[in-house]
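Asker: target_4.cif (mmCIF, C-alpha atoms) pasted underneath:
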data_structure
#
loop_
_atom_site.label_atom_id
_atom_site.label_comp_id
_atom_site.auth_asym_id
_atom_site.auth_seq_id
_atom_site.Cartn_x
_atom_site.Cartn_y
_atom_site.Cartn_z
CA MET A 1 62.17 -5.19 -17.32
CA SER A 2 63.03 -8.24 -15.23
CA PHE A 3 60.44 -10.69 -13.92
CA THR A 4 61.09 -9.44 -10.36
CA GLN A 5 60.47 -5.85 -11.42
CA GLN A 6 57.22 -6.89 -13.10
CA ILE A 7 56.04 -8.64 -9.93
CA VAL A 8 56.91 -5.60 -7.82
CA GLY A 9 55.01 -3.37 -10.22
CA VAL A 10 51.92 -5.57 -10.15
CA CYS A 11 51.98 -5.72 -6.34
CA ALA A 12 52.32 -1.96 -6.11
CA ALA A 13 49.36 -1.47 -8.44
CA LEU A 14 47.23 -3.91 -6.47
CA PHE A 15 48.16 -2.17 -3.22
CA ALA A 16 47.22 1.20 -4.69
CA CYS A 17 43.84 -0.15 -5.78
CA VAL A 18 43.15 -1.58 -2.33
CA ALA A 19 44.75 1.01 -0.07
CA GLY A 20 43.88 4.11 -2.11
CA PRO A 21 40.09 4.00 -1.76
CA SER A 22 40.38 2.89 1.86
CA THR A 23 42.65 5.79 2.73
CA ALA A 24 40.43 8.23 0.88
CA PHE A 25 37.38 6.85 2.71
CA ALA A 26 39.15 7.21 6.06
CA GLU A 27 40.12 10.81 5.34
CA GLN A 28 36.58 11.62 4.19
CA SER A 29 35.18 10.00 7.35
CA LEU A 30 37.65 12.00 9.43
CA LYS A 31 36.23 15.22 8.02
CA SER A 32 32.80 14.19 9.28
CA ALA A 33 34.11 13.37 12.78
CA LYS A 34 33.28 16.69 14.36
CA VAL A 35 34.87 17.76 17.65
CA LEU A 36 32.98 19.52 20.44
CA ILE A 37 35.36 21.94 22.19
CA VAL A 38 34.17 23.09 25.62
CA VAL A 39 35.48 26.25 27.29
CA SER A 40 34.70 27.92 30.60
CA SER A 41 32.14 30.69 31.13
CA LEU A 42 33.69 31.98 34.39
CA ASP A 43 34.30 35.73 34.12
CA LYS A 44 36.68 36.15 37.08
CA LYS A 45 38.64 33.83 39.34
CA THR A 46 39.30 36.69 41.78
CA GLU A 47 38.12 40.27 41.95
CA LYS A 48 41.14 41.35 39.88
CA LEU A 49 41.95 38.29 37.76
CA VAL A 50 40.06 37.16 34.67
CA GLY A 51 38.73 33.62 34.66
CA GLY A 52 37.63 31.80 31.53
CA PHE A 53 39.90 29.63 29.41
CA TRP A 54 43.53 29.89 28.33
CA PHE A 55 43.48 31.06 24.71
CA PRO A 56 46.40 29.01 23.28
CA GLU A 57 44.89 25.82 24.71
CA LEU A 58 42.02 26.41 22.29
CA THR A 59 43.93 27.77 19.31
CA HIS A 60 46.77 25.23 19.15
CA PRO A 61 44.50 22.16 18.93
CA VAL A 62 42.27 24.03 16.47
CA GLU A 63 45.30 24.68 14.25
CA VAL A 64 45.90 20.92 14.17
CA PHE A 65 42.22 20.23 13.46
CA ASP A 66 42.22 22.74 10.61
CA GLU A 67 45.26 21.12 9.02
CA ALA A 68 43.59 17.70 9.28
CA GLY A 69 40.27 18.96 7.90
CA VAL A 70 38.44 18.27 11.17
CA ASP A 71 35.52 20.58 11.94
CA PHE A 72 34.56 21.69 15.44
CA ASP A 73 31.90 23.46 17.47
CA LEU A 74 32.53 25.59 20.54
CA ALA A 75 30.38 25.28 23.66
CA SER A 76 30.41 26.65 27.19
CA PRO A 77 28.25 26.29 30.30
CA LYS A 78 26.44 29.60 29.73
CA GLY A 79 26.78 29.91 25.95
CA GLY A 80 27.55 33.12 24.09
CA LEU A 81 30.89 34.93 24.19
CA ALA A 82 33.29 32.99 26.42
CA PRO A 83 35.86 34.92 28.51
CA PHE A 84 39.52 34.12 27.95
CA ASP A 85 43.05 34.80 29.16
CA GLY A 86 46.45 34.43 27.52
CA PHE A 87 45.51 36.29 24.32
CA ASP A 88 48.66 37.00 22.27
CA LEU A 89 48.63 37.56 18.52
CA LYS A 90 52.39 36.98 18.39
CA ASP A 91 51.46 33.32 18.85
CA GLU A 92 50.94 32.03 15.31
CA ALA A 93 48.16 29.57 16.13
CA SER A 94 46.27 32.27 18.05
CA ARG A 95 46.73 34.74 15.21
CA LYS A 96 45.39 32.21 12.68
CA PHE A 97 42.36 31.58 14.88
CA TRP A 98 41.63 35.25 15.53
CA THR A 99 41.91 36.25 11.87
CA ASN A 100 39.56 33.45 10.79
CA PRO A 101 36.03 34.97 10.78
CA GLN A 102 34.31 31.58 11.19
CA HIS A 103 36.43 30.65 14.20
CA ARG A 104 35.98 34.06 15.78
CA ASN A 105 32.23 33.87 15.29
CA LYS A 106 32.13 30.47 16.97
CA LEU A 107 33.94 31.95 19.98
CA GLY A 108 31.53 34.88 20.10
CA SER A 109 28.47 32.62 20.06
CA THR A 110 29.43 29.40 21.84
CA LEU A 111 26.69 26.82 22.20
CA LYS A 112 25.11 26.50 25.62
CA LEU A 113 25.87 23.06 27.05
CA ALA A 114 22.16 22.50 27.69
CA ASP A 115 21.57 22.80 23.93
CA VAL A 116 24.32 20.41 22.80
CA ASP A 117 23.43 17.12 21.09
CA PRO A 118 26.33 14.76 21.97
CA SER A 119 25.42 12.34 19.17
CA ARG A 120 26.73 14.85 16.61
CA TYR A 121 30.34 14.56 17.78
CA GLY A 122 33.14 12.02 17.47
CA ALA A 123 35.25 13.71 20.13
CA VAL A 124 35.12 16.24 22.93
CA LEU A 125 37.95 18.51 24.10
CA LEU A 126 37.82 20.24 27.48
CA VAL A 127 40.03 23.34 27.32
CA GLY A 128 41.95 24.51 30.38
CA GLY A 129 42.57 27.84 32.02
CA HIS A 130 41.44 28.28 35.62
CA GLY A 131 37.74 28.71 34.83
CA PRO A 132 37.09 24.94 34.60
CA MET A 133 38.06 24.58 38.26
CA TRP A 134 34.76 26.30 39.04
CA ASP A 135 32.26 25.68 36.25
CA PHE A 136 33.35 22.27 34.87
CA VAL A 137 32.94 20.67 38.30
CA ASN A 138 29.53 19.54 39.61
CA ASN A 139 28.19 20.24 36.13
CA PRO A 140 25.74 17.45 35.19
CA GLU A 141 25.24 18.80 31.67
CA LEU A 142 28.96 18.59 30.93
CA SER A 143 29.32 15.19 32.60
CA GLY A 144 26.41 13.86 30.58
CA ILE A 145 27.86 15.10 27.30
CA VAL A 146 31.28 13.57 28.01
CA ARG A 147 29.69 10.25 29.03
CA ARG A 148 27.49 10.10 25.91
CA ILE A 149 30.38 10.81 23.55
CA TYR A 150 32.63 8.27 25.25
CA GLU A 151 29.99 5.54 25.36
CA ASN A 152 29.26 6.20 21.69
CA ASP A 153 32.88 5.13 20.98
CA GLY A 154 34.05 8.74 20.78
CA VAL A 155 37.28 10.34 21.98
CA VAL A 156 37.41 12.25 25.27
CA SER A 157 40.25 14.73 25.71
CA ALA A 158 41.20 17.50 28.10
CA VAL A 159 44.19 19.79 28.64
CA CYS A 160 45.69 21.60 31.65
CA HIS A 161 42.79 22.34 34.06
CA GLY A 162 40.29 20.87 31.61
CA PRO A 163 40.45 17.43 33.32
CA ALA A 164 38.49 19.01 36.18
CA GLY A 165 35.52 18.29 33.93
CA LEU A 166 36.27 14.55 34.07
CA LEU A 167 36.01 14.24 37.84
CA ASP A 168 32.23 13.74 37.90
CA VAL A 169 31.80 11.61 34.78
CA LYS A 170 30.15 8.30 35.67
CA LEU A 171 29.63 5.70 32.95
CA GLY A 172 26.52 3.60 32.42
CA ASN A 173 28.13 0.69 34.28
CA GLY A 174 28.41 2.83 37.41
CA ARG A 175 32.18 3.30 37.24
CA GLN A 176 33.90 6.66 37.09
CA LEU A 177 35.38 7.34 33.65
CA ILE A 178 38.84 8.07 35.05
CA GLU A 179 38.94 5.32 37.68
CA GLY A 180 41.97 3.13 37.01
CA ARG A 181 42.94 5.20 33.96
CA ARG A 182 46.21 6.91 33.09
CA LEU A 183 45.99 10.66 32.66
CA THR A 184 47.63 14.00 33.33
CA GLY A 185 46.71 17.63 33.98
CA PHE A 186 48.12 20.82 35.48
CA THR A 187 50.28 19.61 38.34
CA ALA A 188 50.32 20.75 41.96
CA GLU A 189 53.93 21.84 41.46
CA GLU A 190 52.97 23.98 38.47
CA GLU A 191 50.10 25.54 40.43
CA ILE A 192 52.45 26.46 43.27
CA ALA A 193 55.04 27.84 40.83
CA ARG A 194 52.48 30.38 39.60
CA GLN A 195 51.09 30.95 43.12
CA TYR A 196 47.64 29.97 41.94
CA ASP A 197 47.42 27.30 44.61
CA ARG A 198 46.13 30.12 46.86
CA ILE A 199 43.31 30.88 44.42
CA VAL A 200 41.93 27.64 43.00
CA PRO A 201 39.11 25.97 44.97
CA PHE A 202 40.93 22.62 45.10
CA GLU A 203 44.12 20.91 43.93
CA LEU A 204 43.47 19.27 40.56
CA GLU A 205 46.26 16.69 40.72
CA GLY A 206 45.15 15.49 44.15
CA ALA A 207 41.49 15.33 43.10
CA LEU A 208 42.30 13.24 40.02
CA LYS A 209 44.35 10.83 42.12
CA ASN A 210 41.59 10.61 44.75
CA ALA A 211 39.17 9.69 41.96
CA GLY A 212 41.30 6.61 41.25
CA ALA A 213 43.33 7.87 38.27
CA THR A 214 47.02 7.17 37.74
CA PHE A 215 48.51 10.63 37.36
CA GLU A 216 51.55 11.06 35.09
CA GLU A 217 53.61 14.20 34.64
CA ALA A 218 56.56 15.78 32.89
CA PRO A 219 58.90 18.30 34.57
CA VAL A 220 57.26 21.65 35.35
CA PHE A 221 55.77 23.38 32.29
CA GLU A 222 57.14 20.80 29.84
CA SER A 223 54.86 19.03 27.35
CA ARG A 224 53.23 15.77 28.37
CA VAL A 225 50.31 13.99 26.68
CA VAL A 226 48.90 10.74 28.04
CA VAL A 227 46.87 8.47 25.78
CA ASP A 228 44.85 5.74 27.49
CA GLY A 229 42.64 4.30 24.78
CA ARG A 230 40.05 6.92 23.85
CA LEU A 231 40.96 9.07 26.88
CA ILE A 232 43.59 11.68 26.00
CA THR A 233 44.93 14.33 28.37
CA GLY A 234 47.58 17.07 28.21
CA GLN A 235 49.46 18.48 31.18
CA ASN A 236 49.70 22.20 30.44
CA PRO A 237 49.66 24.85 27.67
CA ALA A 238 52.90 23.45 26.24
CA SER A 239 51.00 20.21 25.58
CA ALA A 240 48.18 21.74 23.53
CA THR A 241 49.52 21.06 20.05
CA ALA A 242 50.58 17.49 20.86
CA LEU A 243 47.16 16.92 22.41
CA GLY A 244 45.46 18.05 19.21
CA GLU A 245 47.65 15.69 17.20
CA ALA A 246 46.77 12.80 19.51
CA VAL A 247 43.05 13.54 19.14
CA VAL A 248 43.30 13.53 15.34
CA LYS A 249 45.23 10.24 15.45
CA ALA A 250 42.58 8.71 17.71
CA LEU A 251 39.79 9.93 15.42
CA ARG A 252 41.52 8.35 12.44
CA ALA A 253 41.64 5.06 14.33
CA THR A 254 37.90 5.20 14.99
CA VAL A 255 36.99 5.68 11.31
CA GLU A 256 39.44 3.26 9.67
#
Can you turn what I pasted into structure tokens?

Answerer:
Amino acid sequence: MSFTQQIVGVCAALFACVAGPSTAFAEQSLKSAKVLIVVSSLDKKTEKLVGGFWFPELTHPVEVFDEAGVDFDLASPKGGLAPFDGFDLKDEASRKFWTNPQHRNKLGSTLKLADVDPSRYGAVLLVGGHGPMWDFVNNPELSGIVRRIYENDGVVSAVCHGPAGLLDVKLGNGRQLIEGRRLTGFTAEEEIARQYDRIVPFELEGALKNAGATFEEAPVFESRVVVDGRLITGQNPASATALGEAVVKALRATVE
């Protein structure tokens, strides 16, 4: 073995001794960084249309969390079984969720927001579907939870219509959480394309802009995730997996 090879070997061994325990510690810490996932409790958005949350926007991030070893709790404004739309067992992530007894039990007995202790979580995820346009807005319990997690150096994330729950979040310094921040959400163009602009109580994109946010978007129904520090948002259902990956990456950064 040449002198150069010996030096390389020694350096590699030293790196393994230093980096190995650190990496293991980070991964162990990641497993303790629990995520609070919040879904809507709204039963119907019209007399004939179910409200609640969009199922794949829950199951796709959860699939990512499972693979990373990140645990989660499910909560909703009213607690108990949360109503949902978009249920399709042909979707692999949804099938994995539905056939997991622990996950299914969490969905059937979501925590009531009033009973949530924000200090237990390293991140919060606000799931979309149209329900949040009604029961995530003007919801002081939800706003308080999001603020506490963010001000405790946690990660705040939301997908599709979930960012409706960010509109009322005011930080301890008096500023709105999303003021001057980059984010995304279900666009006005996407709402019109599905003719839901006639149903929702307000336009989400316009409201986020009026709150001082810089709104970014991909073409209609294409994936877009915007990361602005510890604020992470996804545009639509197509963004759900990438959003989950961004949340895990951000959690890793907070524990390293």

Asker: What does the distance from atom CA of A:Gln176 to atom CA of A:Ala211 come to in Å, to one decimal?

Answerer: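 Distance between the two atoms: 7.8 Å.
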
Asker: Write out as number ranges by chain which residues come within 6 Å of stretch 119-129 of chain A when counting all atoms listed in the file, dropping same-chain ones fewer than 5 positions away.

Answerer: A: 33-39, 53-54, 154-162

Asker: Let's have the selection written as a short mmCIF file (atom, residue, chain, number, x, y, z; two decimals), in the frame of the given file, with C-alpha atoms.

Answerer:
data_model
loop_
_atom_site.label_atom_id
_atom_site.label_comp_id
_atom_site.auth_asym_id
_atom_site.auth_seq_id
_atom_site.Cartn_x
_atom_site.Cartn_y
_atom_site.Cartn_z
CA ALA A 33 34.11 13.37 12.78
CA LYS A 34 33.28 16.69 14.36
CA VAL A 35 34.87 17.76 17.65
CA LEU A 36 32.98 19.52 20.44
CA ILE A 37 35.36 21.94 22.19
CA VAL A 38 34.17 23.09 25.62
CA VAL A 39 35.48 26.25 27.29
CA PHE A 53 39.90 29.63 29.41
CA TRP A 54 43.53 29.89 28.33
CA GLY A 154 34.05 8.74 20.78
CA VAL A 155 37.28 10.34 21.98
CA VAL A 156 37.41 12.25 25.27
CA SER A 157 40.25 14.73 25.71
CA ALA A 158 41.20 17.50 28.10
CA VAL A 159 44.19 19.79 28.64
CA CYS A 160 45.69 21.60 31.65
CA HIS A 161 42.79 22.34 34.06
CA GLY A 162 40.29 20.87 31.61
#

Asker: So the first atom is atom CA of A:Ser223 and the second is atom CA of A:Asp135; what is the distance between them in Å, to one decimal place?

Answerer: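 Taking atom CA of A:Ser223 as the start and atom CA of A:Asp135 as the end point, the length is 25.2 Å.
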
Asker: Hey, what's within 10 Å of A:Leu113 if we count only C-alpha atoms and toss same-chain stuff fewer than 6 positions away? As number ranges by chain, please?

Answerer: A: 38, 74-79, 139-142, 144-145

Asker: Please write the residues from the selection above to a file, keeping C-alpha atoms, as a compact mmCIF listing (two decimals), in the frame of the given file.

Answerer:
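The resulting file, result10.txt, is reproduced below:
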# COMPACT_ATOMS: atom_id res chain seq x y z
CA VAL A 38 34.17 23.09 25.62
CA LEU A 74 32.53 25.59 20.54
CA ALA A 75 30.38 25.28 23.66
CA SER A 76 30.41 26.65 27.19
CA PRO A 77 28.25 26.29 30.30
CA LYS A 78 26.44 29.60 29.73
CA GLY A 79 26.78 29.91 25.95
CA ASN A 139 28.19 20.24 36.13
CA PRO A 140 25.74 17.45 35.19
CA GLU A 141 25.24 18.80 31.67
CA LEU A 142 28.96 18.59 30.93
CA GLY A 144 26.41 13.86 30.58
CA ILE A 145 27.86 15.10 27.30

Asker: Counting only C-alpha atoms, which of A:Ser239, A:Thr184, A:Asn105, A:Thr254 gets nearest to A:His60?

Answerer: A:Ser239

Asker: Leaving out A:Pro61 and any residue of its chain fewer than 3 positions from it, which residues lie within 6 Å of it when counting all atoms listed in the file, given as a CSV table (one decimal) with C-alpha atoms, in the frame of the given file?

Answerer:
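File produced: result.csv:
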chain,number,residue,atom,x,y,z
A,58,LEU,CA,42.0,26.4,22.3
A,64,VAL,CA,45.9,20.9,14.2
A,240,ALA,CA,48.2,21.7,23.5
A,241,THR,CA,49.5,21.1,20.0
A,244,GLY,CA,45.5,18.0,19.2

Asker: Of the residues A:Glu216, A:Glu63, A:Glu191, A:Glu203, which is the one nearest to A:Met133, using only C-alpha atoms?

Answerer: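 The closest residue to A:Met133 is A:Glu203.
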
Asker: Applying the PyMOL selection byres ((chain A and resi 94) around 10) to the file I just gave you, which residues come out? Please list them as a PyMOL selection string.

Answerer: chain A and resi 55-60+62-63+86-93+95-100

Asker: For the PyMOL selection byres ((chain A and resi 107) around 8), applied here, can you spell out every residue it catches as a PyMOL selection string?

Answerer: chain A and resi 74+80-82+103-106+108-110

Asker: Could those selected residues go to a file with C-alpha atoms, as a PDB file, keeping the file's coordinate frame?

Answerer:
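File produced: out_4.pdb:
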ATOM      1  CA  LEU A  74      32.530  25.590  20.540  1.00  0.00           C
ATOM      2  CA  GLY A  80      27.550  33.120  24.090  1.00  0.00           C
ATOM      3  CA  LEU A  81      30.890  34.930  24.190  1.00  0.00           C
ATOM      4  CA  ALA A  82      33.290  32.990  26.420  1.00  0.00           C
ATOM      5  CA  HIS A 103      36.430  30.650  14.200  1.00  0.00           C
ATOM      6  CA  ARG A 104      35.980  34.060  15.780  1.00  0.00           C
ATOM      7  CA  ASN A 105      32.230  33.870  15.290  1.00  0.00           C
ATOM      8  CA  LYS A 106      32.130  30.470  16.970  1.00  0.00           C
ATOM      9  CA  GLY A 108      31.530  34.880  20.100  1.00  0.00           C
ATOM     10  CA  SER A 109      28.470  32.620  20.060  1.00  0.00           C
ATOM     11  CA  THR A 110      29.430  29.400  21.840  1.00  0.00           C
TER      12      THR A 110
END

Asker: Take the PyMOL selection byres ((chain A and resi 171) around 12), run it mentally on this structure, and tell me the resulting residues as a PyMOL selection string.

Answerer: chain A and resi 143-152+166-170+172-179

Asker: Quote the spacing between atom CA of A:Pro219 and atom CA of A:Ala188 in Å to one decimal place.

Answerer: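 We find that atom CA of A:Pro219 and atom CA of A:Ala188 lie 11.6 Å from each other.
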
Asker: Write out as a PyMOL selection string the residues lying within 8 Å of A:Val50, counting all atoms listed in the file and excluding same-chain residues fewer than 3 positions away.

Answerer: chain A and resi 43-46+83-85

Asker: When you count all atoms listed in the file, which of these residues is closest to A:Ala213: A:Arg230, A:Arg198, A:Lys112, A:Arg182?

Answerer: A:Arg182

Asker: With all atoms of stretch 213-216 of chain A from the file as input, state the centre and edge lengths in Å to one decimal of the axis-aligned box that has 8 Å extra on each side, as AutoDock Vina command-line options.

Answerer:
--center_x 47.4 --center_y 9.1 --center_z 36.7 --size_x 24.2 --size_y 19.9 --size_z 19.2

Asker: Go through A:Ala193, A:Leu183, A:Val248, A:Leu111 one by one, measure the shortest atom-to-atom distance of each to A:Phe221 using only C-alpha atoms, and give the residue with the smallest value.

Answerer: A:Ala193

Asker: Given only C-alpha atoms as the basis, pick out the residue of A:Lys48, A:Glu245, A:Leu204, A:Gly185 nearest to A:Ala218.

Answerer: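 Comparing A:Lys48, A:Glu245, A:Leu204, A:Gly185 against A:Ala218, the winner is A:Gly185.
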
Asker: Given all atoms listed in the file as the basis, pick out the residue of A:Glu205, A:Glu189, A:Glu47, A:Asp71 nearest to A:Pro163.

Answerer: A:Glu205

Asker: Atoms are missing here; could stretch 111-136 of chain A be completed with N, CA and C atoms and written as a PDB file, keeping the file's coordinate frame?

Answerer:
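Now in rebuild.pdb:
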ATOM      1  N   LEU A 111      27.918  27.525  21.873  1.00  0.00           N
ATOM      2  CA  LEU A 111      26.690  26.820  22.200  1.00  0.00           C
ATOM      3  C   LEU A 111      26.553  26.676  23.706  1.00  0.00           C
ATOM      4  N   LYS A 112      25.356  26.771  24.209  1.00  0.00           N
ATOM      5  CA  LYS A 112      25.110  26.500  25.620  1.00  0.00           C
ATOM      6  C   LYS A 112      25.100  24.982  25.808  1.00  0.00           C
ATOM      7  N   LEU A 113      25.778  24.504  26.855  1.00  0.00           N
ATOM      8  CA  LEU A 113      25.870  23.060  27.050  1.00  0.00           C
ATOM      9  C   LEU A 113      24.497  22.389  27.067  1.00  0.00           C
ATOM     10  N   ALA A 114      23.509  23.073  27.613  1.00  0.00           N
ATOM     11  CA  ALA A 114      22.160  22.500  27.690  1.00  0.00           C
ATOM     12  C   ALA A 114      21.566  22.256  26.304  1.00  0.00           C
ATOM     13  N   ASP A 115      22.108  22.923  25.279  1.00  0.00           N
ATOM     14  CA  ASP A 115      21.570  22.800  23.930  1.00  0.00           C
ATOM     15  C   ASP A 115      22.387  21.862  23.037  1.00  0.00           C
ATOM     16  N   VAL A 116      23.422  21.255  23.591  1.00  0.00           N
ATOM     17  CA  VAL A 116      24.320  20.410  22.800  1.00  0.00           C
ATOM     18  C   VAL A 116      23.733  19.009  22.619  1.00  0.00           C
ATOM     19  N   ASP A 117      23.816  18.502  21.393  1.00  0.00           N
ATOM     20  CA  ASP A 117      23.430  17.120  21.090  1.00  0.00           C
ATOM     21  C   ASP A 117      24.711  16.301  20.959  1.00  0.00           C
ATOM     22  N   PRO A 118      25.061  15.494  21.985  1.00  0.00           N
ATOM     23  CA  PRO A 118      26.330  14.760  21.970  1.00  0.00           C
ATOM     24  C   PRO A 118      26.468  13.786  20.802  1.00  0.00           C
ATOM     25  N   SER A 119      25.356  13.334  20.241  1.00  0.00           N
ATOM     26  CA  SER A 119      25.420  12.340  19.170  1.00  0.00           C
ATOM     27  C   SER A 119      26.025  12.905  17.887  1.00  0.00           C
ATOM     28  N   ARG A 120      26.193  14.212  17.812  1.00  0.00           N
ATOM     29  CA  ARG A 120      26.730  14.850  16.610  1.00  0.00           C
ATOM     30  C   ARG A 120      28.259  14.869  16.582  1.00  0.00           C
ATOM     31  N   TYR A 121      28.902  14.375  17.653  1.00  0.00           N
ATOM     32  CA  TYR A 121      30.340  14.560  17.780  1.00  0.00           C
ATOM     33  C   TYR A 121      31.097  13.245  17.955  1.00  0.00           C
ATOM     34  N   GLY A 122      32.274  13.192  17.325  1.00  0.00           N
ATOM     35  CA  GLY A 122      33.140  12.020  17.470  1.00  0.00           C
ATOM     36  C   GLY A 122      34.174  12.203  18.550  1.00  0.00           C
ATOM     37  N   ALA A 123      34.274  13.425  19.078  1.00  0.00           N
ATOM     38  CA  ALA A 123      35.250  13.710  20.130  1.00  0.00           C
ATOM     39  C   ALA A 123      34.831  14.947  20.899  1.00  0.00           C
ATOM     40  N   VAL A 124      35.314  15.048  22.126  1.00  0.00           N
ATOM     41  CA  VAL A 124      35.120  16.240  22.930  1.00  0.00           C
ATOM     42  C   VAL A 124      36.475  16.656  23.492  1.00  0.00           C
ATOM     43  N   LEU A 125      36.714  17.949  23.536  1.00  0.00           N
ATOM     44  CA  LEU A 125      37.950  18.510  24.100  1.00  0.00           C
ATOM     45  C   LEU A 125      37.587  19.531  25.159  1.00  0.00           C
ATOM     46  N   LEU A 126      38.052  19.303  26.387  1.00  0.00           N
ATOM     47  CA  LEU A 126      37.820  20.240  27.480  1.00  0.00           C
ATOM     48  C   LEU A 126      39.064  21.120  27.629  1.00  0.00           C
ATOM     49  N   VAL A 127      38.912  22.392  27.314  1.00  0.00           N
ATOM     50  CA  VAL A 127      40.030  23.340  27.320  1.00  0.00           C
ATOM     51  C   VAL A 127      40.287  23.825  28.746  1.00  0.00           C
ATOM     52  N   GLY A 128      41.566  24.061  29.043  1.00  0.00           N
ATOM     53  CA  GLY A 128      41.950  24.510  30.380  1.00  0.00           C
ATOM     54  C   GLY A 128      41.871  26.012  30.580  1.00  0.00           C
ATOM     55  N   GLY A 129      42.752  26.529  31.429  1.00  0.00           N
ATOM     56  CA  GLY A 129      42.570  27.840  32.020  1.00  0.00           C
ATOM     57  C   GLY A 129      41.962  27.579  33.382  1.00  0.00           C
ATOM     58  N   HIS A 130      41.916  28.562  34.259  1.00  0.00           N
ATOM     59  CA  HIS A 130      41.440  28.280  35.620  1.00  0.00           C
ATOM     60  C   HIS A 130      39.931  28.195  35.735  1.00  0.00           C
ATOM     61  N   GLY A 131      39.201  28.747  34.765  1.00  0.00           N
ATOM     62  CA  GLY A 131      37.740  28.710  34.830  1.00  0.00           C
ATOM     63  C   GLY A 131      37.156  27.335  35.079  1.00  0.00           C
ATOM     64  N   PRO A 132      37.662  26.279  34.408  1.00  0.00           N
ATOM     65  CA  PRO A 132      37.090  24.940  34.600  1.00  0.00           C
ATOM     66  C   PRO A 132      37.112  24.451  36.048  1.00  0.00           C
ATOM     67  N   MET A 133      37.995  25.005  36.866  1.00  0.00           N
ATOM     68  CA  MET A 133      38.060  24.580  38.260  1.00  0.00           C
ATOM     69  C   MET A 133      36.791  24.975  39.014  1.00  0.00           C
ATOM     70  N   TRP A 134      36.030  25.886  38.442  1.00  0.00           N
ATOM     71  CA  TRP A 134      34.760  26.300  39.040  1.00  0.00           C
ATOM     72  C   TRP A 134      33.564  25.759  38.255  1.00  0.00           C
ATOM     73  N   ASP A 135      33.519  26.002  36.932  1.00  0.00           N
ATOM     74  CA  ASP A 135      32.260  25.680  36.250  1.00  0.00           C
ATOM     75  C   ASP A 135      32.270  24.387  35.431  1.00  0.00           C
ATOM     76  N   PHE A 136      33.378  23.609  35.452  1.00  0.00           N
ATOM     77  CA  PHE A 136      33.350  22.270  34.870  1.00  0.00           C
ATOM     78  C   PHE A 136      33.036  21.217  35.912  1.00  0.00           C
TER      79      PHE A 136
END
